[in-house]
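The structure appears below as structure tokens.
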Amino acid sequence: MVTIREECEADVEAIRRVNVAAFAGEGEVEARLVEALRASGALVLSLVAEVDGRIAGHVAFSPVTVGAATGVGLAPMAVVPELQRTGLGGRMIDEALRRLAHTHRFCVVLGHPAYYPRFGFVPASTAGLHWEHGHDEAFFVKPLVAGGLDGVRGIVRYRPELDAV
């Protein structure tokens with residue numbers, strides 16, 4: 001059985017383990033990112049996927065800005081290796097985007113070009129948005145509400161924690 005829910009304090013160590021396991025060679029960086037965002041109170045939404053009572057996935061969202069406009073950035077999304085490519089990550093993303101649509105205009109993500117379009121993300125450059133560090137070919141945006149990108153153009157800036165880890 002799969003349950004997707006908001007993280008709680010008891011999940012912190014399991015979330016660390018999921019991130020370390022999911023990102024070959026970069027897991028410690030991703031784990032430190034989540035911990036830094038949590039410590040600064042910058043996690044807008046942090047969901048875990050429990051599979052048969054064990055934390056097997058995690059997705060985090062933090063604020064982003066484009067001039068005076070604010071949205072959220074998806075980073076990171078992790079699933080334990082043995083459950084990758086089973087749809088668990090997609091279930092977490094779908095649930096998170098549904099929840100975020102009640103409170104935010106748009107979401108951005110730096111990710112795999114073949115993965116994120118299935119959730120309605122489009123290349124951010126086609127909407128006049130660019131990540132402050134480049135990588136336009138892997139930078140995507142999704143409006144979460146009708147008109148969510150109206151008047152939003154320019155450079156997307158993530159929280160400083162993303163550059164600090």
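Going through the structure tokens in order, the chains are called A, B, and so on, while each chain numbers its residues from 1 and the ligands are numbered from 1 in the order shown.
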**OP:** Give me the residues within 12 Å of Phe140 (chain A) as a PyMOL selection string, counting only C-alpha atoms and dropping any in the same chain fewer than 4 places off.
**Re:** chain A and resi 72-74+106-131+134-136+156
Those residues with C-alpha atoms, as a PDB file, in the first residue's frame please?
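Heads up, here's the output in out_1.pdb:
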ATOM      1  CA  VAL A  72       7.869  27.240  -6.298  1.00  0.00           C
ATOM      2  CA  GLY A  73      10.762  25.106  -7.419  1.00  0.00           C
ATOM      3  CA  LEU A  74      10.695  21.330  -7.339  1.00  0.00           C
ATOM      4  CA  PHE A 106       3.685  28.320 -11.108  1.00  0.00           C
ATOM      5  CA  CYS A 107       6.326  25.657 -10.536  1.00  0.00           C
ATOM      6  CA  VAL A 108       9.785  25.298 -12.093  1.00  0.00           C
ATOM      7  CA  VAL A 109      12.142  22.340 -12.189  1.00  0.00           C
ATOM      8  CA  LEU A 110      15.605  21.586 -13.485  1.00  0.00           C
ATOM      9  CA  GLY A 111      15.294  18.016 -14.638  1.00  0.00           C
ATOM     10  CA  HIS A 112      15.334  15.360 -17.297  1.00  0.00           C
ATOM     11  CA  PRO A 113      13.799  16.597 -20.576  1.00  0.00           C
ATOM     12  CA  ALA A 114      12.036  13.268 -21.196  1.00  0.00           C
ATOM     13  CA  TYR A 115      10.471  13.069 -17.716  1.00  0.00           C
ATOM     14  CA  TYR A 116       8.889  16.342 -16.638  1.00  0.00           C
ATOM     15  CA  PRO A 117       6.794  17.147 -19.749  1.00  0.00           C
ATOM     16  CA  ARG A 118       4.482  14.234 -18.843  1.00  0.00           C
ATOM     17  CA  PHE A 119       3.327  16.351 -15.876  1.00  0.00           C
ATOM     18  CA  GLY A 120       2.552  19.384 -18.033  1.00  0.00           C
ATOM     19  CA  PHE A 121       5.929  21.095 -17.699  1.00  0.00           C
ATOM     20  CA  VAL A 122       7.179  22.945 -20.778  1.00  0.00           C
ATOM     21  CA  PRO A 123      10.607  24.377 -21.541  1.00  0.00           C
ATOM     22  CA  ALA A 124      10.797  27.514 -19.417  1.00  0.00           C
ATOM     23  CA  SER A 125      12.508  29.421 -22.220  1.00  0.00           C
ATOM     24  CA  THR A 126       9.318  29.170 -24.306  1.00  0.00           C
ATOM     25  CA  ALA A 127       7.569  31.122 -21.527  1.00  0.00           C
ATOM     26  CA  GLY A 128      10.339  33.733 -21.319  1.00  0.00           C
ATOM     27  CA  LEU A 129      11.897  32.246 -18.184  1.00  0.00           C
ATOM     28  CA  HIS A 130      15.518  31.275 -17.647  1.00  0.00           C
ATOM     29  CA  TRP A 131      17.355  29.773 -14.689  1.00  0.00           C
ATOM     30  CA  GLY A 134      21.639  28.512 -17.565  1.00  0.00           C
ATOM     31  CA  HIS A 135      20.767  24.934 -18.611  1.00  0.00           C
ATOM     32  CA  ASP A 136      17.720  26.057 -20.596  1.00  0.00           C
ATOM     33  CA  VAL A 156      14.297  32.554 -12.015  1.00  0.00           C
TER      34      VAL A 156
END
**OP:** Identify, on the basis of only C-alpha atoms, every residue whose closest approach to Ala101 (chain A) does not exceed 12 Å; exclude the query and any residue fewer than 6 positions from it along the same chain; express the result as a PyMOL selection string.
**Re:** chain A and resi 45+71-72+94-95+107+142-148
Expected file: the selected residues, N, CA and C atoms, as a PDB file, in the first residue's frame:
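out-v1.pdb was written with the following content:
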ATOM      1  N   LEU A  45       6.552  22.812   0.567  1.00  0.00           N
ATOM      2  CA  LEU A  45       5.856  21.529   0.648  1.00  0.00           C
ATOM      3  C   LEU A  45       6.902  20.427   0.595  1.00  0.00           C
ATOM      4  N   GLY A  71       6.899  31.850  -7.116  1.00  0.00           N
ATOM      5  CA  GLY A  71       6.388  30.528  -7.441  1.00  0.00           C
ATOM      6  C   GLY A  71       7.122  29.528  -6.583  1.00  0.00           C
ATOM      7  N   VAL A  72       7.145  28.271  -7.026  1.00  0.00           N
ATOM      8  CA  VAL A  72       7.869  27.240  -6.298  1.00  0.00           C
ATOM      9  C   VAL A  72       8.780  26.489  -7.252  1.00  0.00           C
ATOM     10  N   ASP A  94       2.353  14.423  -8.923  1.00  0.00           N
ATOM     11  CA  ASP A  94       0.945  14.745  -9.190  1.00  0.00           C
ATOM     12  C   ASP A  94       0.252  15.269  -7.936  1.00  0.00           C
ATOM     13  N   GLU A  95       0.455  14.587  -6.819  1.00  0.00           N
ATOM     14  CA  GLU A  95      -0.176  15.014  -5.565  1.00  0.00           C
ATOM     15  C   GLU A  95       0.340  16.384  -5.131  1.00  0.00           C
ATOM     16  N   CYS A 107       5.268  26.505 -11.074  1.00  0.00           N
ATOM     17  CA  CYS A 107       6.326  25.657 -10.536  1.00  0.00           C
ATOM     18  C   CYS A 107       7.400  25.507 -11.607  1.00  0.00           C
ATOM     19  N   LYS A 142       5.676  25.025 -15.189  1.00  0.00           N
ATOM     20  CA  LYS A 142       4.277  24.624 -15.315  1.00  0.00           C
ATOM     21  C   LYS A 142       3.429  25.650 -14.577  1.00  0.00           C
ATOM     22  N   PRO A 143       2.494  26.293 -15.283  1.00  0.00           N
ATOM     23  CA  PRO A 143       1.554  27.150 -14.553  1.00  0.00           C
ATOM     24  C   PRO A 143       0.637  26.248 -13.722  1.00  0.00           C
ATOM     25  N   LEU A 144       0.393  26.642 -12.486  1.00  0.00           N
ATOM     26  CA  LEU A 144      -0.450  25.835 -11.603  1.00  0.00           C
ATOM     27  C   LEU A 144      -1.891  26.298 -11.590  1.00  0.00           C
ATOM     28  N   VAL A 145      -2.120  27.498 -12.101  1.00  0.00           N
ATOM     29  CA  VAL A 145      -3.465  28.060 -12.194  1.00  0.00           C
ATOM     30  C   VAL A 145      -3.593  28.754 -13.542  1.00  0.00           C
ATOM     31  N   ALA A 146      -4.798  28.965 -13.987  1.00  0.00           N
ATOM     32  CA  ALA A 146      -5.015  29.709 -15.227  1.00  0.00           C
ATOM     33  C   ALA A 146      -4.378  31.087 -15.084  1.00  0.00           C
ATOM     34  N   GLY A 147      -3.590  31.487 -16.059  1.00  0.00           N
ATOM     35  CA  GLY A 147      -2.915  32.781 -16.005  1.00  0.00           C
ATOM     36  C   GLY A 147      -1.744  32.814 -15.052  1.00  0.00           C
ATOM     37  N   GLY A 148      -1.283  31.651 -14.592  1.00  0.00           N
ATOM     38  CA  GLY A 148      -0.208  31.588 -13.599  1.00  0.00           C
ATOM     39  C   GLY A 148       1.103  32.194 -14.056  1.00  0.00           C
TER      40      GLY A 148
END
Original post:
DSSP says helix (DSSP H, G or I) for which residues of region 48-153 of chain A? Put them as a count of residues only?
Top reply: 27
**OP:** Could you give me, as a ChimeraX atom specification, each residue of region 20-161 of chain A that DSSP assigns to strand (DSSP E or B) when run on this structure's backbone?
**Re:** /A:45-51,54-66,69-79,106-110,122-123,129-131,139-143,154-158
Original post:
For Ala24 (chain A), which residue out of A:Ala36, A:Ala49, A:Val2, A:Ala78 is the nearest one, using only C-alpha atoms?
Top reply: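 Among the listed residues, the smallest separation from Ala24 (chain A) belongs to A:Ala78.
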Original post:
Could you state the separation of CA of Val80 (chain A) and CA of Ala22 (chain A) in Å, given to one decimal place?
Top reply: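 Here the two named atoms are 5.1 Å from each other.
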Original post:
Counting only C-alpha atoms, which of A:Thr86, A:Glu161, A:Ala56, A:Met92 gets nearest to Ala39 (chain A)?
Top reply: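 For Ala39 (chain A), the nearest of the given residues is A:Glu161.
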**OP:** Measuring atom to atom with only C-alpha atoms, identify which of A:Gly27, A:Gly41, A:Gly57, A:Pro63 is nearest to Tyr158 (chain A).
**Re:**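 Among A:Gly27, A:Gly41, A:Gly57, A:Pro63, it is A:Pro63 that comes nearest to Tyr158 (chain A).
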Subject >> Option closest in space to Arg105 (chain A), from A:Leu88, A:Val141, A:Val66, A:Leu149 [counting only C-alpha atoms] >> reply: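 Nearest candidate to Arg105 (chain A) out of A:Leu88, A:Val141, A:Val66, A:Leu149: A:Leu149.
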Original post:
What is the distance between CA of Met1 (chain A) and CA of Met77 (chain A), in Å to one decimal?
Top reply: 20.0 Å
Original post:
Between A:Leu33, A:Val12, A:Val48, A:Ala42, which has the minimum distance to Ser62 (chain A) (counting only C-alpha atoms)?
Top reply: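 Of all the options, A:Ala42 lies closest to Ser62 (chain A).
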